[in-house]
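Have a look at the structure below before the remarks.
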Amino acid sequence: MGYSKKLISFIRGDQSAYHNLLKGSAISLIMRLMGQAVNYGLVLSITRLFGAGGYGMYSLFQAVLQFFTQTARLGFDTLLMRNAAQSHDDDELHMLKNQYRFVLRLTAAVSLFMGIVLYACAGLIAEMYFNKPQLTFYLKVAAACILPLVHINIYASYLKGKKFFRQFNFIQQISLLLFSVLTILSGYLLYRKPELTAVAYALSCLITLGIALFWHKKYFTIHAALQAIDRKTLITASATFFIVGLMNYMRNATETLILGHYFTEDFAGIFKATQKVSSVIAFTLFSTIVAAAPHFAELYKQQKQDELKRTVQKTTALIFWSALPVFIVMIFFPDFLMSLFGKEFTRGKEGLIIMCCAQFFNAMMGPANNLLLMVNKQRFVLYITIFNNLVCALCGWFLIPLYGLNGAALINMLGILIPNIAAIMVIRREFGFFTFNFNLLTQVFKR
């Protein structure tokens with residue numbers, strides 16, 4: 001039997017939760033493929049029109065915006081997604097509706113406050129930390145994006161929890177980027193300055209918010225009952241998700257923020273382009289997590305540990321074999337891949353090799369941290385994330401000023417290795433299995 005037939009046979013191996021997960025993952029994968037195409041279209045548009053410096057300014061704009069957005073979400077998006085996946089009867093759905101109403105009001109108030117703070121401090125942040133006065137305009141635009149982005153994530157959390165994967169992925173993977181690209185390409189005819197990228201993203205946020213609100217109302221038709229919710233418990237439950245989310249943001253933004261502080265904006269642009277290219281290796285992992293999260297939550301609630309184990313391990317095997325060929329191509333052709341963004345981006349080829357190795361390891365470990373979040377073990381993710389951030393931040397302030405782009409790539413690798421190794425150790429201790437199974441990894445060749 002040929003390799004492709006064996007792979008198909010492996011994928012179709014059973015009709016369990018894993019089989020159902022694959023259906024959702026297939027939708028997620030297709031939508032994410034479209035999103036990746038739009039994503040790289042956006043990167044190519046900015047780099048080709050405005051160079052590494054223009055993309056660097058856009059990356060710094062995004063880094064600051066994501067910090068304020070992550071803070072204003074307060075962890076409610078992840079909590080409500082899990083609650084949506086576990087809510088089935090009318091009483092649970094009525095309670096869920098009340099929770100959404102409360103969360104939307106609370107996050108709106110926090111978002112407006114954060115927006116005012118960012119707008120007022122835009123000049124100080126741009127000049128005192130980044131030493132780039134031209135970044136002030138970008139940060140003022142970012143202030144207007146906070147509320148729309150927060151509510152986009154809140155609305156989308158219901159779609160994800162209820163497995164409306166096409167709608168969720170369109171909102172999260174395609175819409176924001178697609179409308180940004182269209183606005184940049186059309187706006188470039190009239191305004192040819194890099195600040196156009198921030199304005200385009202702000203307009204895209206408003207359009208996407210409208211789409212997210214429409215789908216949220218369409219699919220969440222049950223009315224909120226007149227029953228009180230335990231707000232204190234809800235806020236307490238979201239606290240861990242909030243801290244984990246904020247720590248994950250810091251982990252993802254550390255290299256960009258340090259590069260932006262010590263070097264010119266083109267360094268940040270080259271690094272972010274390199275990071276985006278390397279992330280293609282874990283493409284299937286990120287696509288699968290969207291569909292996997294609600295399945296893990298359901299299986300855990302139903303106490304089906306054997307099926308949970310089988311689902312996790314088969315998912316990891318599929319991720320591994322889909323990542324391997326991409327990893328090989330990137331290791332052998334880093335110079336060519338980086339040159340697609342422009343000649344100046346080839347300075348990041350060594351960093352690309354380093355980050356590709358890290359992303360392949362990430363794919364090999366499967367959805368480890370995501371599993372812990374969905375089975376009420378988020379406190380372990382919190383401990384791991386805090387430790388990981390401290391190590392990466394301390395090492396980053398030492399290595400990045402010395403080694404520049406390669407130093408940032410090393411910190412990126414470290415930030416992937418630590419949480420994955422720690423997470424699989426916790427899973428082994430708490431549930432008695434690893435996310436990977438070597439027998440399953442080779443099973444595709446034995447059929």
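Following the order of the structure tokens, chains are lettered A, B, ..., residues in each are numbered from 1, and ligands are numbered from 1.
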Surrounding residues of stretch 178-181 of chain A excluding itself and chain neighbours under 2 positions, 12 Å, only C-alpha atoms, as a PyMOL selection string | chain A and resi 34-46+49+58+170-176+183-188+196-209
Output file for the residues above (C-alpha atoms, as a PDB file, in the first residue's frame):
```pdb
ATOM      1  CA  MET A  34      -6.600  30.419   3.473  1.00  0.00           C
ATOM      2  CA  GLY A  35      -5.608  32.508   6.477  1.00  0.00           C
ATOM      3  CA  GLN A  36      -1.933  31.727   5.993  1.00  0.00           C
ATOM      4  CA  ALA A  37      -2.176  32.724   2.337  1.00  0.00           C
ATOM      5  CA  VAL A  38      -3.745  36.039   3.341  1.00  0.00           C
ATOM      6  CA  ASN A  39      -1.230  36.411   6.180  1.00  0.00           C
ATOM      7  CA  TYR A  40       1.757  36.047   3.883  1.00  0.00           C
ATOM      8  CA  GLY A  41       0.009  38.282   1.382  1.00  0.00           C
ATOM      9  CA  LEU A  42      -0.122  40.954   4.086  1.00  0.00           C
ATOM     10  CA  VAL A  43       3.539  40.471   5.005  1.00  0.00           C
ATOM     11  CA  LEU A  44       4.613  40.570   1.350  1.00  0.00           C
ATOM     12  CA  SER A  45       2.476  43.655   0.714  1.00  0.00           C
ATOM     13  CA  ILE A  46       4.025  45.569   3.604  1.00  0.00           C
ATOM     14  CA  LEU A  49       5.800  48.444  -0.396  1.00  0.00           C
ATOM     15  CA  TYR A  58       3.914  47.539  11.934  1.00  0.00           C
ATOM     16  CA  PHE A 170     -12.751  33.168   9.239  1.00  0.00           C
ATOM     17  CA  ILE A 171     -12.909  35.719  12.035  1.00  0.00           C
ATOM     18  CA  GLN A 172      -9.588  34.791  13.654  1.00  0.00           C
ATOM     19  CA  GLN A 173      -7.469  33.728  10.671  1.00  0.00           C
ATOM     20  CA  ILE A 174      -8.793  35.503   7.615  1.00  0.00           C
ATOM     21  CA  SER A 175     -10.998  38.546   8.138  1.00  0.00           C
ATOM     22  CA  LEU A 176      -8.620  40.866   9.999  1.00  0.00           C
ATOM     23  CA  THR A 183      -7.161  48.465   2.435  1.00  0.00           C
ATOM     24  CA  ILE A 184      -3.370  48.731   2.108  1.00  0.00           C
ATOM     25  CA  LEU A 185      -3.347  47.899  -1.597  1.00  0.00           C
ATOM     26  CA  SER A 186      -6.181  50.289  -2.403  1.00  0.00           C
ATOM     27  CA  GLY A 187      -5.012  53.010  -0.014  1.00  0.00           C
ATOM     28  CA  TYR A 188      -1.457  52.910  -1.368  1.00  0.00           C
ATOM     29  CA  LEU A 196      -1.164  53.310   6.201  1.00  0.00           C
ATOM     30  CA  THR A 197      -0.645  49.813   7.640  1.00  0.00           C
ATOM     31  CA  ALA A 198      -1.961  50.824  11.074  1.00  0.00           C
ATOM     32  CA  VAL A 199      -4.970  52.652   9.645  1.00  0.00           C
ATOM     33  CA  ALA A 200      -5.783  49.650   7.447  1.00  0.00           C
ATOM     34  CA  TYR A 201      -5.708  47.334  10.453  1.00  0.00           C
ATOM     35  CA  ALA A 202      -8.022  49.634  12.431  1.00  0.00           C
ATOM     36  CA  LEU A 203     -10.597  49.637   9.613  1.00  0.00           C
ATOM     37  CA  SER A 204     -10.285  45.851   9.379  1.00  0.00           C
ATOM     38  CA  CYS A 205     -11.047  45.558  13.103  1.00  0.00           C
ATOM     39  CA  LEU A 206     -14.337  47.419  12.674  1.00  0.00           C
ATOM     40  CA  ILE A 207     -15.423  45.264   9.726  1.00  0.00           C
ATOM     41  CA  THR A 208     -14.493  42.041  11.524  1.00  0.00           C
ATOM     42  CA  LEU A 209     -16.320  43.145  14.672  1.00  0.00           C
TER      43      LEU A 209
END
```
Within 10 Å of stretch 65-74 of chain A: each stretch 135-220 of chain A residue with its shortest pair, only C-alpha atoms, as a tab-separated table:
```
residue	atom	partner	partner_atom	distance
A:Tyr138	CA	A:Leu65	CA	9.5
A:Leu139	CA	A:Leu65	CA	7.5
A:Lys140	CA	A:Leu65	CA	9.9
A:Val141	CA	A:Leu65	CA	9.3
A:Ala142	CA	A:Leu65	CA	5.5
A:Ala143	CA	A:Leu65	CA	7.4
A:Ala144	CA	A:Leu65	CA	9.7
A:Cys145	CA	A:Leu65	CA	7.7
A:Ile146	CA	A:Thr69	CA	5.4
A:Leu147	CA	A:Thr69	CA	7.7
A:Pro148	CA	A:Thr69	CA	9.3
A:Leu149	CA	A:Thr69	CA	6.8
A:Val150	CA	A:Arg73	CA	5.7
A:His151	CA	A:Arg73	CA	8.2
A:Asn153	CA	A:Arg73	CA	8.0
A:Ile154	CA	A:Arg73	CA	7.8
```
Selected residues written out, N, CA and C atoms, as a PDB file, in the first residue's frame:
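Output file part.pdb follows:
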```pdb
ATOM      1  N   TYR A 138       1.264  55.345  15.269  1.00  0.00           N
ATOM      2  CA  TYR A 138       0.839  53.947  15.275  1.00  0.00           C
ATOM      3  C   TYR A 138       0.149  53.598  16.592  1.00  0.00           C
ATOM      4  N   LEU A 139       0.719  54.051  17.699  1.00  0.00           N
ATOM      5  CA  LEU A 139       0.169  53.697  19.002  1.00  0.00           C
ATOM      6  C   LEU A 139      -1.167  54.388  19.268  1.00  0.00           C
ATOM      7  N   LYS A 140      -1.349  55.572  18.735  1.00  0.00           N
ATOM      8  CA  LYS A 140      -2.644  56.241  18.872  1.00  0.00           C
ATOM      9  C   LYS A 140      -3.725  55.509  18.080  1.00  0.00           C
ATOM     10  N   VAL A 141      -3.349  54.994  16.934  1.00  0.00           N
ATOM     11  CA  VAL A 141      -4.292  54.175  16.159  1.00  0.00           C
ATOM     12  C   VAL A 141      -4.587  52.880  16.920  1.00  0.00           C
ATOM     13  N   ALA A 142      -3.558  52.300  17.542  1.00  0.00           N
ATOM     14  CA  ALA A 142      -3.743  51.065  18.312  1.00  0.00           C
ATOM     15  C   ALA A 142      -4.756  51.264  19.432  1.00  0.00           C
ATOM     16  N   ALA A 143      -4.772  52.450  20.028  1.00  0.00           N
ATOM     17  CA  ALA A 143      -5.716  52.732  21.117  1.00  0.00           C
ATOM     18  C   ALA A 143      -7.158  52.556  20.665  1.00  0.00           C
ATOM     19  N   ALA A 144      -7.428  52.890  19.395  1.00  0.00           N
ATOM     20  CA  ALA A 144      -8.788  52.770  18.861  1.00  0.00           C
ATOM     21  C   ALA A 144      -9.149  51.321  18.516  1.00  0.00           C
ATOM     22  N   CYS A 145      -8.155  50.456  18.449  1.00  0.00           N
ATOM     23  CA  CYS A 145      -8.390  49.058  18.058  1.00  0.00           C
ATOM     24  C   CYS A 145      -8.689  48.147  19.242  1.00  0.00           C
ATOM     25  N   ILE A 146      -8.429  48.597  20.454  1.00  0.00           N
ATOM     26  CA  ILE A 146      -8.502  47.701  21.613  1.00  0.00           C
ATOM     27  C   ILE A 146      -9.905  47.143  21.814  1.00  0.00           C
ATOM     28  N   LEU A 147     -10.912  48.011  21.900  1.00  0.00           N
ATOM     29  CA  LEU A 147     -12.278  47.548  22.144  1.00  0.00           C
ATOM     30  C   LEU A 147     -12.776  46.608  21.041  1.00  0.00           C
ATOM     31  N   PRO A 148     -12.645  46.962  19.762  1.00  0.00           N
ATOM     32  CA  PRO A 148     -13.091  46.022  18.725  1.00  0.00           C
ATOM     33  C   PRO A 148     -12.406  44.663  18.805  1.00  0.00           C
ATOM     34  N   LEU A 149     -11.094  44.652  19.035  1.00  0.00           N
ATOM     35  CA  LEU A 149     -10.372  43.376  19.086  1.00  0.00           C
ATOM     36  C   LEU A 149     -10.800  42.517  20.274  1.00  0.00           C
ATOM     37  N   VAL A 150     -11.023  43.145  21.410  1.00  0.00           N
ATOM     38  CA  VAL A 150     -11.442  42.403  22.596  1.00  0.00           C
ATOM     39  C   VAL A 150     -12.794  41.734  22.349  1.00  0.00           C
ATOM     40  N   HIS A 151     -13.739  42.473  21.808  1.00  0.00           N
ATOM     41  CA  HIS A 151     -15.074  41.911  21.596  1.00  0.00           C
ATOM     42  C   HIS A 151     -15.100  40.930  20.426  1.00  0.00           C
ATOM     43  N   ASN A 153     -12.793  38.746  19.983  1.00  0.00           N
ATOM     44  CA  ASN A 153     -12.374  37.505  20.647  1.00  0.00           C
ATOM     45  C   ASN A 153     -13.466  36.940  21.550  1.00  0.00           C
ATOM     46  N   ILE A 154     -14.216  37.797  22.217  1.00  0.00           N
ATOM     47  CA  ILE A 154     -15.299  37.327  23.084  1.00  0.00           C
ATOM     48  C   ILE A 154     -16.394  36.671  22.247  1.00  0.00           C
TER      49      ILE A 154
END
```
Residues near A:Asn83, cut-off 9 Å, only C-alpha atoms, skip fewer than 3 positions along chain, as a list in words =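 The residues satisfying every condition are Thr78, Leu79, Leu80, Gln86, Ser87, Glu92, Leu96, Tyr158 and Gly161 of chain A.
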Non-local contacts of A:Val375 (8 Å; only C-alpha atoms; under 5 positions in same chain excluded) as an MDAnalysis selection string = chainID A and resid 296:297 300:301
Counting only C-alpha atoms, the residue of A:Ile222, A:Leu318, A:Ile384, A:Leu104 that sits nearest A:Asn369 | A:Ile384
Compile the contact shell of stretch 233-247 of chain A as a ChimeraX atom specification: residues with an atom at most 12 Å away, counting only C-alpha atoms, same-chain residues fewer than 5 positions apart removed.
-> /A:66-83,95-96,98-100,102-103,106-107,228,252-254,369-370,372-374,376-390,392-393,415,419
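Compared by their closest atoms to A:Phe327, and using only C-alpha atoms, the residues A:Leu135, A:Ile125, A:Ala409, A:Cys357 rank with A:Cys357 nearest.
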